[in-house]
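Peer 1: Following this message is one structure expressed as structure tokens.
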Amino acid sequence: MKNATNTLIFDVDGTLAETEELHRKAFNETFKRNNLSWYWDKSLYGNLLKIAGGKERIKFYDANFSKEKNYLDYQYISELHQEKTKLYTNFLEGGVLTLRPGISSIITNALYRGLRLAVATSTSRINLVSLTENCLGKKPDEIFTFVATGDLVDNKKPAADLYNLVLQEISIDASECLALEDSRIGLIAAKAANIKTLVSPSFYHMSEDFSESDYLCQSFEEEQLPEDLCQLLFQ
């Protein structure tokens with residue numbers, strides 16, 4: 001990382017904030033409102049998080065876990081996901097979510113020192129907008145040079161598409177970047193794009209294998225970060 005890193009690329013769910021419980025709550029409320037006898041408990045949801053993307057998660061559950069075996073069509077899945085997204089953004093506007101410890105400091109100091117910030121996330125742009133507006137008081141474009149969201153690529157994580165799109169759009173070499181992730185599928189995606197990766201596991205990903213990571217930290221707080229990144233941001 002020494003003197004080479006000038007761009008930080010952030011994942012969103014689980015990295016910027018511990019969002020997954022709100023997502024799970026929104027999914028379950030959506031199922032209830034649509035008379036689906038589905039309920040995703042924490043154990044099940046942890047397994048479903050191996051599938052990136054809300055629509056993909058619904059489709060996977062319907063095909064592999066649903067007792068009804070409805071095999072929902074794409075249009076209905078999209079409508080369910082839109083309703084779920086509205087519920088999720090309403091939850092965020094209720095002020096129940098905060099950034100993970102250390103994230104605000106990393107962003108503030110990175111911008112102060114002239115580093116570029118980007119996002120590579122399988123989530124939707126509207127979810128990111130709600131998160132940054134409610135937790136940082138700014139729109140994503142006021143913070144990040146480029147935002148790569150799931151709807152902009154053919155393949156979500158663990159494919160490298162999102163990270164490759166960031167590299168392409170801001171015309172930067174992978175060696176100049178550091179990815180910040182919380183999950184194994186995020187780590188695999190970043191490493192597939194040849195990007196150094198710092199992982200701080202979030203609640204649902206504590207037990208996953210992060211042996212390929214360049215840096216593994218308990219949190220994003222300064223005292224937990226690798227020395228090279230601390231020098232880049234704080235000294």
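Letters for chains follow the order of the structure tokens (A, B, ...), residue numbers begin at 1 for each chain, and ligand numbers begin at 1 in the order shown.
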Using only C-alpha atoms, which protein or nucleic acid residues come within 9 Å of Glu221 (chain A)? Drop anything in the same chain fewer than 6 positions from it, and give the result as a list in words.
Peer 2: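 My list of contacting residues is Arg100, Pro101, Gly102, Ile103, Ser105 and Ile106 of chain A.
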Peer 1: Using the selection just defined, write its residues with all heavy atoms as an mmCIF file, in the first residue's frame.
Peer 2:
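The result, stored in selection14.cif:
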```
data_model
loop_
_atom_site.group_PDB
_atom_site.id
_atom_site.type_symbol
_atom_site.label_atom_id
_atom_site.label_comp_id
_atom_site.auth_asym_id
_atom_site.auth_seq_id
_atom_site.Cartn_x
_atom_site.Cartn_y
_atom_site.Cartn_z
ATOM 1 N N ARG A 100 -20.804 2.047 10.748
ATOM 2 C CA ARG A 100 -19.934 1.227 11.570
ATOM 3 C C ARG A 100 -18.828 2.094 12.169
ATOM 4 O O ARG A 100 -18.356 3.049 11.522
ATOM 5 C CB ARG A 100 -19.316 0.093 10.748
ATOM 6 C CG ARG A 100 -20.277 -1.050 10.467
ATOM 7 C CD ARG A 100 -19.567 -2.231 9.822
ATOM 8 N NE ARG A 100 -18.544 -2.812 10.704
ATOM 9 C CZ ARG A 100 -17.780 -3.837 10.346
ATOM 10 N NH1 ARG A 100 -17.914 -4.385 9.150
ATOM 11 N NH2 ARG A 100 -16.887 -4.315 11.187
ATOM 12 N N PRO A 101 -18.407 1.798 13.378
ATOM 13 C CA PRO A 101 -17.342 2.588 14.007
ATOM 14 C C PRO A 101 -16.098 2.677 13.115
ATOM 15 O O PRO A 101 -15.621 1.671 12.593
ATOM 16 C CB PRO A 101 -17.050 1.809 15.295
ATOM 17 C CG PRO A 101 -18.337 1.127 15.612
ATOM 18 C CD PRO A 101 -18.921 0.754 14.277
ATOM 19 N N GLY A 102 -15.616 3.896 12.937
ATOM 20 C CA GLY A 102 -14.423 4.136 12.144
ATOM 21 C C GLY A 102 -14.679 4.554 10.719
ATOM 22 O O GLY A 102 -13.818 5.189 10.083
ATOM 23 N N ILE A 103 -15.832 4.231 10.165
ATOM 24 C CA ILE A 103 -16.113 4.527 8.755
ATOM 25 C C ILE A 103 -16.136 6.028 8.490
ATOM 26 O O ILE A 103 -15.537 6.518 7.520
ATOM 27 C CB ILE A 103 -17.436 3.875 8.308
ATOM 28 C CG1 ILE A 103 -17.255 2.363 8.147
ATOM 29 C CG2 ILE A 103 -17.933 4.483 6.999
ATOM 30 C CD1 ILE A 103 -16.318 1.962 7.013
ATOM 31 N N SER A 105 -14.665 8.405 10.074
ATOM 32 C CA SER A 105 -13.305 8.938 10.184
ATOM 33 C C SER A 105 -12.483 8.598 8.947
ATOM 34 O O SER A 105 -11.728 9.447 8.441
ATOM 35 C CB SER A 105 -12.634 8.366 11.438
ATOM 36 O OG SER A 105 -11.314 8.849 11.558
ATOM 37 N N ILE A 106 -12.616 7.377 8.443
ATOM 38 C CA ILE A 106 -11.888 6.991 7.225
ATOM 39 C C ILE A 106 -12.303 7.877 6.060
ATOM 40 O O ILE A 106 -11.452 8.409 5.332
ATOM 41 C CB ILE A 106 -12.137 5.512 6.890
ATOM 42 C CG1 ILE A 106 -11.449 4.607 7.918
ATOM 43 C CG2 ILE A 106 -11.628 5.188 5.477
ATOM 44 C CD1 ILE A 106 -11.755 3.134 7.739
#
```
Peer 1: Find the residue from A:Leu180, A:Ala159, A:Leu80, A:Val153 that sits nearest to Leu216 (chain A); use only C-alpha atoms when measuring.
Peer 2: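 Checking each candidate against Leu216 (chain A), we get A:Leu180 as the closest.
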Peer 1: Calculated over only C-alpha atoms, which of the candidates A:Gln231, A:Asn90, A:Thr7, A:Asn64 has the smallest distance to Leu22 (chain A)?
Peer 2: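 So, comparing all the options, the nearest one is A:Asn90.
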Peer 1: Choose the residue, out of A:Ile172, A:Leu225, A:Trp38, A:Asn6, that has the smallest atom-to-atom separation from Leu111 (chain A); count only C-alpha atoms.
Peer 2: A:Asn6
Peer 1: Of the candidates A:Leu49, A:Glu29, A:Ala160, A:Lys59, which shows the shortest atom-to-atom distance to Asp73 (chain A), using only C-alpha atoms?
Peer 2: A:Lys59
Peer 1: With distances taken over only C-alpha atoms, which residue among A:Ala189, A:Ala120, A:Met206, A:Ile195 lies nearest Glu169 (chain A)?
Peer 2: A:Ala120
Peer 1: Please return, as a PyMOL selection string, all residues of region 21-231 of chain A that DSSP assigns to strand (DSSP E) on the basis of the backbone.
Peer 2: chain A and resi 116-120+146-148+177-181+196-199+215-216
Peer 1: For the residues in that selection, give me N, CA, C and O atoms as a PDB file, in the first residue's frame.
Peer 2:
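Ended up saving to out-v8.pdb:
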```
ATOM      1  N   ARG A 116      -9.296   9.531  -3.656  1.00  0.00           N
ATOM      2  CA  ARG A 116     -10.578   9.305  -4.310  1.00  0.00           C
ATOM      3  C   ARG A 116     -11.306   8.176  -3.600  1.00  0.00           C
ATOM      4  O   ARG A 116     -10.699   7.193  -3.186  1.00  0.00           O
ATOM      5  N   LEU A 117     -12.626   8.330  -3.506  1.00  0.00           N
ATOM      6  CA  LEU A 117     -13.468   7.305  -2.906  1.00  0.00           C
ATOM      7  C   LEU A 117     -14.450   6.809  -3.955  1.00  0.00           C
ATOM      8  O   LEU A 117     -14.972   7.592  -4.752  1.00  0.00           O
ATOM      9  N   ALA A 118     -14.712   5.516  -3.933  1.00  0.00           N
ATOM     10  CA  ALA A 118     -15.671   4.917  -4.854  1.00  0.00           C
ATOM     11  C   ALA A 118     -16.462   3.847  -4.116  1.00  0.00           C
ATOM     12  O   ALA A 118     -16.134   3.482  -2.985  1.00  0.00           O
ATOM     13  N   VAL A 119     -17.501   3.365  -4.772  1.00  0.00           N
ATOM     14  CA  VAL A 119     -18.353   2.315  -4.202  1.00  0.00           C
ATOM     15  C   VAL A 119     -18.484   1.186  -5.199  1.00  0.00           C
ATOM     16  O   VAL A 119     -18.660   1.415  -6.408  1.00  0.00           O
ATOM     17  N   ALA A 120     -18.397  -0.041  -4.694  1.00  0.00           N
ATOM     18  CA  ALA A 120     -18.689  -1.240  -5.497  1.00  0.00           C
ATOM     19  C   ALA A 120     -19.632  -2.100  -4.671  1.00  0.00           C
ATOM     20  O   ALA A 120     -19.211  -2.768  -3.733  1.00  0.00           O
ATOM     21  N   PHE A 146     -17.143   7.731  -8.029  1.00  0.00           N
ATOM     22  CA  PHE A 146     -17.989   6.874  -8.860  1.00  0.00           C
ATOM     23  C   PHE A 146     -18.649   5.822  -7.989  1.00  0.00           C
ATOM     24  O   PHE A 146     -18.056   5.339  -7.027  1.00  0.00           O
ATOM     25  N   VAL A 147     -19.890   5.491  -8.348  1.00  0.00           N
ATOM     26  CA  VAL A 147     -20.659   4.497  -7.614  1.00  0.00           C
ATOM     27  C   VAL A 147     -21.078   3.386  -8.568  1.00  0.00           C
ATOM     28  O   VAL A 147     -21.829   3.620  -9.524  1.00  0.00           O
ATOM     29  N   ALA A 148     -20.574   2.189  -8.332  1.00  0.00           N
ATOM     30  CA  ALA A 148     -20.959   1.010  -9.125  1.00  0.00           C
ATOM     31  C   ALA A 148     -21.958   0.202  -8.320  1.00  0.00           C
ATOM     32  O   ALA A 148     -21.631  -0.327  -7.258  1.00  0.00           O
ATOM     33  N   CYS A 177      -5.491   0.931  -5.686  1.00  0.00           N
ATOM     34  CA  CYS A 177      -6.739   0.891  -4.925  1.00  0.00           C
ATOM     35  C   CYS A 177      -6.638  -0.008  -3.698  1.00  0.00           C
ATOM     36  O   CYS A 177      -5.822  -0.928  -3.635  1.00  0.00           O
ATOM     37  N   LEU A 178      -7.511   0.278  -2.747  1.00  0.00           N
ATOM     38  CA  LEU A 178      -7.744  -0.610  -1.612  1.00  0.00           C
ATOM     39  C   LEU A 178      -9.246  -0.771  -1.464  1.00  0.00           C
ATOM     40  O   LEU A 178      -9.980   0.224  -1.396  1.00  0.00           O
ATOM     41  N   ALA A 179      -9.719  -2.013  -1.435  1.00  0.00           N
ATOM     42  CA  ALA A 179     -11.138  -2.291  -1.236  1.00  0.00           C
ATOM     43  C   ALA A 179     -11.406  -2.541   0.239  1.00  0.00           C
ATOM     44  O   ALA A 179     -10.600  -3.180   0.925  1.00  0.00           O
ATOM     45  N   LEU A 180     -12.531  -2.044   0.715  1.00  0.00           N
ATOM     46  CA  LEU A 180     -12.973  -2.284   2.084  1.00  0.00           C
ATOM     47  C   LEU A 180     -14.226  -3.137   2.029  1.00  0.00           C
ATOM     48  O   LEU A 180     -15.247  -2.708   1.461  1.00  0.00           O
ATOM     49  N   GLU A 181     -14.152  -4.321   2.618  1.00  0.00           N
ATOM     50  CA  GLU A 181     -15.227  -5.304   2.524  1.00  0.00           C
ATOM     51  C   GLU A 181     -15.533  -5.917   3.886  1.00  0.00           C
ATOM     52  O   GLU A 181     -14.768  -5.746   4.842  1.00  0.00           O
ATOM     53  N   LYS A 196      -6.090  -4.977  -3.699  1.00  0.00           N
ATOM     54  CA  LYS A 196      -5.812  -5.265  -2.300  1.00  0.00           C
ATOM     55  C   LYS A 196      -7.076  -5.022  -1.483  1.00  0.00           C
ATOM     56  O   LYS A 196      -7.828  -4.080  -1.757  1.00  0.00           O
ATOM     57  N   THR A 197      -7.281  -5.861  -0.472  1.00  0.00           N
ATOM     58  CA  THR A 197      -8.554  -5.818   0.238  1.00  0.00           C
ATOM     59  C   THR A 197      -8.364  -5.875   1.748  1.00  0.00           C
ATOM     60  O   THR A 197      -7.632  -6.724   2.262  1.00  0.00           O
ATOM     61  N   LEU A 198      -9.012  -4.952   2.418  1.00  0.00           N
ATOM     62  CA  LEU A 198      -9.100  -4.944   3.870  1.00  0.00           C
ATOM     63  C   LEU A 198     -10.488  -5.426   4.239  1.00  0.00           C
ATOM     64  O   LEU A 198     -11.484  -4.878   3.774  1.00  0.00           O
ATOM     65  N   VAL A 199     -10.555  -6.457   5.071  1.00  0.00           N
ATOM     66  CA  VAL A 199     -11.840  -7.018   5.488  1.00  0.00           C
ATOM     67  C   VAL A 199     -12.029  -6.809   6.985  1.00  0.00           C
ATOM     68  O   VAL A 199     -11.147  -7.109   7.788  1.00  0.00           O
ATOM     69  N   TYR A 215      -5.535  -7.569   4.480  1.00  0.00           N
ATOM     70  CA  TYR A 215      -5.634  -7.070   5.850  1.00  0.00           C
ATOM     71  C   TYR A 215      -6.948  -7.554   6.443  1.00  0.00           C
ATOM     72  O   TYR A 215      -7.979  -7.497   5.778  1.00  0.00           O
ATOM     73  N   LEU A 216      -6.898  -8.007   7.686  1.00  0.00           N
ATOM     74  CA  LEU A 216      -8.096  -8.471   8.380  1.00  0.00           C
ATOM     75  C   LEU A 216      -8.163  -7.775   9.726  1.00  0.00           C
ATOM     76  O   LEU A 216      -7.237  -7.887  10.536  1.00  0.00           O
TER      77      LEU A 216
END
```
Peer 1: Ranking A:Phe60, A:Tyr88, A:Phe210, A:Tyr76 by minimum distance to Asn127 (chain A) and counting only C-alpha atoms, which one comes first?
Peer 2: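 Ranking A:Phe60, A:Tyr88, A:Phe210, A:Tyr76 by distance to Asn127 (chain A), first place goes to A:Tyr88.
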Peer 1: Neighbouring residues of Pro226 (chain A) were defined as those with any atom within 10 Å, considering only C-alpha atoms; residues of the same chain fewer than 2 positions away were excluded. Please report them as a PyMOL selection string.
Peer 2: chain A and resi 1+198+214-217+220+222-224+228-231
Peer 1: CA of Glu212 (chain A) and CA of Ala17 (chain A) are how many Å apart?
Peer 2: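 That distance, rounded to one decimal, is 22.8 Å.
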Peer 1: Using backbone DSSP assignments, extract all alpha helix (DSSP H) residues from region 54-143 of chain A; output them as a ChimeraX atom specification.
Peer 2: /A:54-64,74-93,103-112,125-135
Peer 1: In Å, how far is it from CA of Lys42 (chain A) to CA of Gly14 (chain A)?
Peer 2: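 Computed distance, CA of Lys42 (chain A) to CA of Gly14 (chain A), equals 14.6 Å.
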Peer 1: Just to confirm, what's the straight-line distance from CA of Leu152 (chain A) to CA of Thr85 (chain A) in Å (one decimal)?
Peer 2: 17.4 Å
Peer 1: Quick one: residues within 10 Å of Glu68 (chain A), only C-alpha atoms, excluding same-chain residues fewer than 4 positions away - as a ChimeraX atom specification?
Peer 2: /A:36-38,62-63
Peer 1: Could you give me, as a PDB file with N, CA and C atoms, in the first residue's frame, the residues within 9 Å of Ile51 (chain A), counting only C-alpha atoms and dropping anything in the same chain fewer than 4 positions from it?
Peer 2:
```
ATOM      1  N   ASN A  47     -27.359 -17.611   5.496  1.00  0.00           N
ATOM      2  CA  ASN A  47     -27.073 -18.453   4.328  1.00  0.00           C
ATOM      3  C   ASN A  47     -27.473 -17.773   3.026  1.00  0.00           C
ATOM      4  N   GLU A  56     -32.210 -11.535  -6.617  1.00  0.00           N
ATOM      5  CA  GLU A  56     -31.583 -12.846  -6.766  1.00  0.00           C
ATOM      6  C   GLU A  56     -31.823 -13.709  -5.529  1.00  0.00           C
ATOM      7  N   ARG A  57     -31.835 -13.071  -4.367  1.00  0.00           N
ATOM      8  CA  ARG A  57     -32.047 -13.798  -3.115  1.00  0.00           C
ATOM      9  C   ARG A  57     -33.467 -14.350  -3.055  1.00  0.00           C
ATOM     10  N   PHE A  60     -33.722 -17.265  -5.499  1.00  0.00           N
ATOM     11  CA  PHE A  60     -33.025 -18.442  -4.983  1.00  0.00           C
ATOM     12  C   PHE A  60     -33.838 -19.124  -3.891  1.00  0.00           C
ATOM     13  N   LYS A 156     -23.173  -9.889 -10.303  1.00  0.00           N
ATOM     14  CA  LYS A 156     -22.880  -9.282  -9.011  1.00  0.00           C
ATOM     15  C   LYS A 156     -21.803 -10.099  -8.294  1.00  0.00           C
ATOM     16  N   LYS A 157     -21.420  -9.646  -7.125  1.00  0.00           N
ATOM     17  CA  LYS A 157     -20.406 -10.366  -6.351  1.00  0.00           C
ATOM     18  C   LYS A 157     -20.875 -11.800  -6.107  1.00  0.00           C
ATOM     19  N   PRO A 158     -19.960 -12.762  -6.142  1.00  0.00           N
ATOM     20  CA  PRO A 158     -18.502 -12.667  -6.077  1.00  0.00           C
ATOM     21  C   PRO A 158     -17.792 -12.444  -7.410  1.00  0.00           C
ATOM     22  N   ILE A 185     -17.831 -13.097  -0.142  1.00  0.00           N
ATOM     23  CA  ILE A 185     -18.128 -12.869  -1.561  1.00  0.00           C
ATOM     24  C   ILE A 185     -17.586 -11.515  -2.013  1.00  0.00           C
TER      25      ILE A 185
END
```
